Structures are given as C-alpha cells and as structure tokens.
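Below: the structure, in structure tokens.
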Amino acid sequence: MGLLDDKVVLVNGGSQGVGAAVARAAAREGAVVTVTGRRPEPGEALAAELTAAGAKATYVRADLADAEEAGASVTRVVAAHGRIDCLVNAAGLTSRGTLLDTTPELFDAHIAVNLRGPFFAMRAAVADMVRRGAPGTIVNIGSNCAHGGPPHLAAYSAAKAGLAGLTRNAAHAHRWDRVRINTLNIGWTATEGEDATQRAFHGAGDDWREEAGRRLPMGRLGDPDEIADFVVLLLSDRSGVVTGSVLDWDQNVVGGQD
C-alpha cells in the first residue's frame with residue numbers, strides 16, 4: 001500500500017525541479033498524477049517516464065500566470081478522472097529585482113505565478129472537494145523568503161509571504177470541509193531552474209553548487225527528492241489532521257543569530 005494509492009493528484013509546475021520530484025514521489029506512492037507546465041517537451045517526457053514505470057500519468061499544458069489556465073488545470077483533471085484529491089502548487093518565478101529596480105511588469109509577473117496562480121488553482125480544487133463533500137489536501141511550495149528574503153528578491157518575497165497568508169486563510173475557511181491546506185517554505189535547492197538562474201543573474205560557473213555548499217551548514221543545497229517525500233507525507237493521511245501550517249524546510253534557522 002502506497003501513501004497515495006488511487007489518489008488523483010495534480011502537480012502544477014510539475015514538469016521540472018521540485019514539481020517533477022513531487023510527481024515522481026506521488027506516482028511511486030500509487031497516485032494518479034497529472035503535471036502541468038508551460039513547455040510540452042519536459043512535461044510529456046516526464047509523463048512518459050512515469051507511465052513506463054507503471055504509473056498513471058499525464059501532462060497538461062498550462063501557464064499558471066494566467067488565472068483562467070490555473071483554474072482550468074484543475075477542471076481538466078476533474079473532467080478526466082471525476083475528481084481531484086490532492087493539489088500541489090509548485091510553479092515558481094525567481095527572476096531577480098530589488099525594491100529600487102523592480103519594474104511594475106516584473107512585480108506583476110511574480111504575483112501572477114507565485115500567488116495568483118495558486119489562488120485560482122486552489123479555488124477550483126476546493127470547489128470540487130466541497131461539491132462532492134469529500135476531504136482533500138493541498139500543499140503549496142513556498143519559500144523561506146516569505147520571512148523577508150534577500151534584497152534582490154523583493155517581489156518574490158512579497159508574493160511568497162502572500163502565499164503563506166493565503167494558506168492560513170483558506171485552511172481556516174475550509175477546515176470543516178475537511179480540506180487540509182499547508183505550505184512548505186523551502187530553502188536554497190538544487191534544481192534545473194536554480195542552475196539557470198545562477199548562471200543568468202549571477203554569472204555562476206559549473207562549480208557553483210559546490211561553492212554554495214561550502215557556505216551552508218549541511219555542506220550542500222537542499223535536494224528536490226527530499227522535499228518531495230515531505231510533500232507526499234503532507235498530502236497523505238499519515239500527516240493526520242494538520243492544516244494551516246507554514247513549515248520551514250531549510251538548514252538556516254529563521255530568527256537564529258550568531
């Protein structure tokens with residue numbers, strides 16, 4: 001018996017990075033998995049990989065920056081499977097910008113992907129759960145930047161702080177519907193997207209992960225597969241009654257001082 005046997009799971013932003021790791025872990029635990037992303041190639045390749053391994057998996061193209069597409073990602077899953085049991089919002093935008101140089105367009109892009117998309121995907125998922133009178137679980141992939149963040153991630157930090165507040169609000173509003181909603185605030189993680197960001201914005205070389213690891217307490221960046229295992233636990237009944245929690249998954253302690 002897997003932790004998510006026969007659960008219908010949607011992973012938004014699931015074609016690469018943390019989202020893809022979550023999709024693999026959910027499939028391994030018996031879920032019927034749908035992943036979304038803007039680029040068909042990695043999404044279709046992941047769905048084929050999971051299917052070849054014996055899972056039930058599909059890819060749906062969706063741009064989570066578009067509120068209608070965010071909601072439609074859920075309604076398409078419901079149309080295909082009759083319901084949605086679990087939603088993971090893993091899509092993220094980490095383009096750099098400080099308070100002084102962030103343009104309105106960049107700010108709006110961060111809000112669209114990191115906050116508005118999850119909002120409307122959650123709305124559609126909770127609506128299906130409430131309509132059926134069935135319990136469900138949602139996990140949002142947040143960031144430790146919700147606590148403040150570095151100067152070059154001003155809009156990103158604002159959006160992730162909003163996601164933490166949305167999580168608590170929605171979890172409280174739907175606790176009697178038995179819909180559990182939590183957020184995992186992850187720290188610096190070794191993903192394909194982070195590799196591209198480090199090279200594009202910081203001029204990083206091939207050894208940037210090793211250099212970064214030397215500056216971190218555990219000697220390395222976070223691993224997407226470890227995060228995925230935690231997300232699957234939160235999606236499953238094994239996490240019990242927990243809801244409205246915003247959990248820090250990081251090796252730096254918020255509020256700690258030397």
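By convention here, the chains of the structure tokens are called A, B, ... in the order presented, each chain's residues are numbered starting at 1, and ligands are numbered starting at 1 in the order presented.
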
Helix (DSSP H, G or I) per DSSP on the backbone: members of region 9-129 of chain A, as a ChimeraX atom specification: /A:17-28,40-52,67-81,104-129

Phe119 (chain A) environment, 9 Å, only C-alpha atoms, sequence neighbours closer than 6 positions dropped, as number ranges by chain: A: 67, 70-71, 163, 166

Give me the residues of region 162-236 of chain A that have any atom at most 7 Å from an atom of region 11-17 of chain A; for each, the nearest atom pair and the distance in Å, rounded to one decimal. Use only C-alpha atoms, sort by chain and number, and format it as CSV.
residue,atom,partner,partner_atom,distance
A:Thr191,CA,A:Gly17,CA,5.0
A:Glu192,CA,A:Gly17,CA,5.9
A:Gly193,CA,A:Gly17,CA,6.7
A:Pro224,CA,A:Gly17,CA,6.7

Residue selection dump (N, CA and C atoms) as a PDB file, in the first residue's frame:
ATOM      1  N   THR A 191      18.007  22.760  -8.223  1.00  0.00           N
ATOM      2  CA  THR A 191      17.089  22.414  -9.303  1.00  0.00           C
ATOM      3  C   THR A 191      17.629  22.933 -10.631  1.00  0.00           C
ATOM      4  N   GLU A 192      17.010  22.468 -11.725  1.00  0.00           N
ATOM      5  CA  GLU A 192      17.396  22.968 -13.045  1.00  0.00           C
ATOM      6  C   GLU A 192      17.156  24.466 -13.148  1.00  0.00           C
ATOM      7  N   GLY A 193      16.028  24.913 -12.602  1.00  0.00           N
ATOM      8  CA  GLY A 193      15.707  26.328 -12.661  1.00  0.00           C
ATOM      9  C   GLY A 193      16.698  27.178 -11.883  1.00  0.00           C
ATOM     10  N   PRO A 224      15.673  18.132  -4.207  1.00  0.00           N
ATOM     11  CA  PRO A 224      14.256  18.066  -4.569  1.00  0.00           C
ATOM     12  C   PRO A 224      13.569  16.776  -4.141  1.00  0.00           C
TER      13      PRO A 224
END

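CA of Asn140 (chain A) is found 21.6 Å from CA of Leu106 (chain A).
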
Can you pull out every residue within 6 Å of region 232-243 of chain A, counting only C-alpha atoms, but drop anything in the same chain fewer than 4 positions away, and send it as a list in words?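 Here the qualifying residues turn out to be Leu3, Thr137, Arg180, Ile181 and Asn182 of chain A.
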
Residue contacts of region 168-174 of chain A (12 Å, only C-alpha atoms) excluding same-chain residues fewer than 6 positions away, as JSON, numbers by chain: {"A": [118, 119, 120, 122, 123, 125, 126, 127, 129, 130, 133, 134, 135, 136, 137, 138, 139, 140, 161, 162, 180, 181, 182, 183, 241, 242, 243, 244, 245, 246, 247]}

Apply DSSP to the backbone of this structure and, from region 141-251 of chain A, keep only the residues in strand (DSSP E); write these as a PDB file with N, CA and C atoms, in the first residue's frame.
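After the write, states_22.pdb holds the following:
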ATOM      1  N   ILE A 141       4.125  25.097  -2.482  1.00  0.00           N
ATOM      2  CA  ILE A 141       5.572  25.202  -2.326  1.00  0.00           C
ATOM      3  C   ILE A 141       5.908  26.677  -2.139  1.00  0.00           C
ATOM      4  N   GLY A 142       6.218  27.016  -0.891  1.00  0.00           N
ATOM      5  CA  GLY A 142       6.580  28.386  -0.558  1.00  0.00           C
ATOM      6  C   GLY A 142       8.089  28.558  -0.548  1.00  0.00           C
ATOM      7  N   SER A 143       8.542  29.566   0.169  1.00  0.00           N
ATOM      8  CA  SER A 143       9.969  29.862   0.233  1.00  0.00           C
ATOM      9  C   SER A 143      10.285  30.496   1.575  1.00  0.00           C
ATOM     10  N   VAL A 179     -10.848  19.875   4.239  1.00  0.00           N
ATOM     11  CA  VAL A 179      -9.829  20.166   3.227  1.00  0.00           C
ATOM     12  C   VAL A 179      -8.619  20.730   3.969  1.00  0.00           C
ATOM     13  N   ARG A 180      -7.521  19.999   3.921  1.00  0.00           N
ATOM     14  CA  ARG A 180      -6.310  20.405   4.628  1.00  0.00           C
ATOM     15  C   ARG A 180      -5.364  21.110   3.654  1.00  0.00           C
ATOM     16  N   ILE A 181      -4.883  22.282   4.063  1.00  0.00           N
ATOM     17  CA  ILE A 181      -4.049  23.116   3.199  1.00  0.00           C
ATOM     18  C   ILE A 181      -2.824  23.555   3.989  1.00  0.00           C
ATOM     19  N   ASN A 182      -1.644  23.236   3.467  1.00  0.00           N
ATOM     20  CA  ASN A 182      -0.392  23.580   4.124  1.00  0.00           C
ATOM     21  C   ASN A 182       0.611  24.117   3.104  1.00  0.00           C
ATOM     22  N   THR A 183       1.610  24.823   3.603  1.00  0.00           N
ATOM     23  CA  THR A 183       2.687  25.338   2.750  1.00  0.00           C
ATOM     24  C   THR A 183       4.022  24.879   3.296  1.00  0.00           C
ATOM     25  N   LEU A 184       4.926  24.513   2.390  1.00  0.00           N
ATOM     26  CA  LEU A 184       6.285  24.144   2.746  1.00  0.00           C
ATOM     27  C   LEU A 184       7.217  25.239   2.249  1.00  0.00           C
ATOM     28  N   ASN A 185       7.795  26.001   3.173  1.00  0.00           N
ATOM     29  CA  ASN A 185       8.735  27.060   2.821  1.00  0.00           C
ATOM     30  C   ASN A 185      10.122  26.456   2.651  1.00  0.00           C
ATOM     31  N   ILE A 186      10.532  26.269   1.416  1.00  0.00           N
ATOM     32  CA  ILE A 186      11.815  25.606   1.170  1.00  0.00           C
ATOM     33  C   ILE A 186      12.941  26.630   1.056  1.00  0.00           C
ATOM     34  N   VAL A 246       2.486  26.530   7.996  1.00  0.00           N
ATOM     35  CA  VAL A 246       3.512  27.019   7.071  1.00  0.00           C
ATOM     36  C   VAL A 246       4.841  26.555   7.660  1.00  0.00           C
ATOM     37  N   LEU A 247       5.392  25.495   7.066  1.00  0.00           N
ATOM     38  CA  LEU A 247       6.541  24.805   7.637  1.00  0.00           C
ATOM     39  C   LEU A 247       7.833  25.214   6.942  1.00  0.00           C
ATOM     40  N   ASP A 248       8.853  25.518   7.724  1.00  0.00           N
ATOM     41  CA  ASP A 248      10.160  25.863   7.164  1.00  0.00           C
ATOM     42  C   ASP A 248      10.958  24.598   6.918  1.00  0.00           C
ATOM     43  N   TRP A 249      11.334  24.385   5.666  1.00  0.00           N
ATOM     44  CA  TRP A 249      12.155  23.236   5.274  1.00  0.00           C
ATOM     45  C   TRP A 249      13.494  23.796   4.810  1.00  0.00           C
TER      46      TRP A 249
END

Using only C-alpha atoms: which of A:Arg61, A:Ala154, A:Val9, A:Ala190 has the shortest distance to Ser73 (chain A):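 Checking each candidate against Ser73 (chain A), we get A:Arg61 as the closest.
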
Show which residues sit within 8 Å of Phe201 (chain A), as a VMD selection string. Count only C-alpha atoms, and ignore same-chain residues fewer than 3 positions away. chain A and resid 96 197 to 198

Mind writing the picked residues with N, CA and C atoms as a CSV table (one decimal), in the first residue's frame?
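Generated file (selection-v2.csv):
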chain,number,residue,atom,x,y,z
A,96,ARG,N,15.2,38.1,-10.7
A,96,ARG,CA,15.8,39.0,-9.7
A,96,ARG,C,15.2,40.4,-9.8
A,197,THR,N,19.1,30.2,-13.2
A,197,THR,CA,19.1,31.5,-12.6
A,197,THR,C,20.4,31.9,-12.1
A,198,GLN,N,21.2,31.0,-11.5
A,198,GLN,CA,22.5,31.3,-11.0
A,198,GLN,C,23.4,31.8,-12.2

With only C-alpha atoms as the atoms that count, which of A:Asp108, A:Asp195, A:Glu211, A:Asp6 lies nearest to Asp66 (chain A)?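 Residue with the minimum atom-to-atom distance to Asp66 (chain A): A:Asp108.
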
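Taking CA of Ala158 (chain A) as the reference point, CA of Thr98 (chain A) is found at 11.3 Å.
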
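Residue nearest Ala31 (chain A), chosen from A:Lys7, A:Lys160, A:Arg83, A:His147 and counting only C-alpha atoms: A:Lys7.
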
Pick out the closest residue to Arg76 (chain A) from this set: A:Leu50, A:Leu216, A:Leu153, A:Val60. Count only C-alpha atoms. A:Val60

Spatial neighbours of Ala62 (chain A), 6 Å, only C-alpha atoms, chain gap at least 3 places, as a list in words: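 Contacts, with the query itself left out: Thr36, Gly37, Arg38 and Glu69 of chain A.
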
Could you save those same residues with N, CA and C atoms as a PDB file, in the first residue's frame?
ATOM      1  N   THR A  36       1.502  19.828 -14.840  1.00  0.00           N
ATOM      2  CA  THR A  36       1.341  20.937 -15.776  1.00  0.00           C
ATOM      3  C   THR A  36       2.656  21.697 -15.890  1.00  0.00           C
ATOM      4  N   GLY A  37       2.760  22.448 -16.974  1.00  0.00           N
ATOM      5  CA  GLY A  37       3.903  23.303 -17.215  1.00  0.00           C
ATOM      6  C   GLY A  37       3.695  24.028 -18.524  1.00  0.00           C
ATOM      7  N   ARG A  38       4.486  25.043 -18.750  1.00  0.00           N
ATOM      8  CA  ARG A  38       4.329  25.817 -19.981  1.00  0.00           C
ATOM      9  C   ARG A  38       4.955  25.126 -21.190  1.00  0.00           C
ATOM     10  N   GLU A  69      -6.182  29.738 -16.841  1.00  0.00           N
ATOM     11  CA  GLU A  69      -5.485  28.471 -17.059  1.00  0.00           C
ATOM     12  C   GLU A  69      -5.170  27.777 -15.737  1.00  0.00           C
TER      13      GLU A  69
END

Using only C-alpha atoms: which of A:Asp63, A:Asp223, A:Asp128, A:Asp206 has the shortest distance to Val35 (chain A):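 Going through A:Asp63, A:Asp223, A:Asp128, A:Asp206 one by one, the smallest distance to Val35 (chain A) is for A:Asp63.
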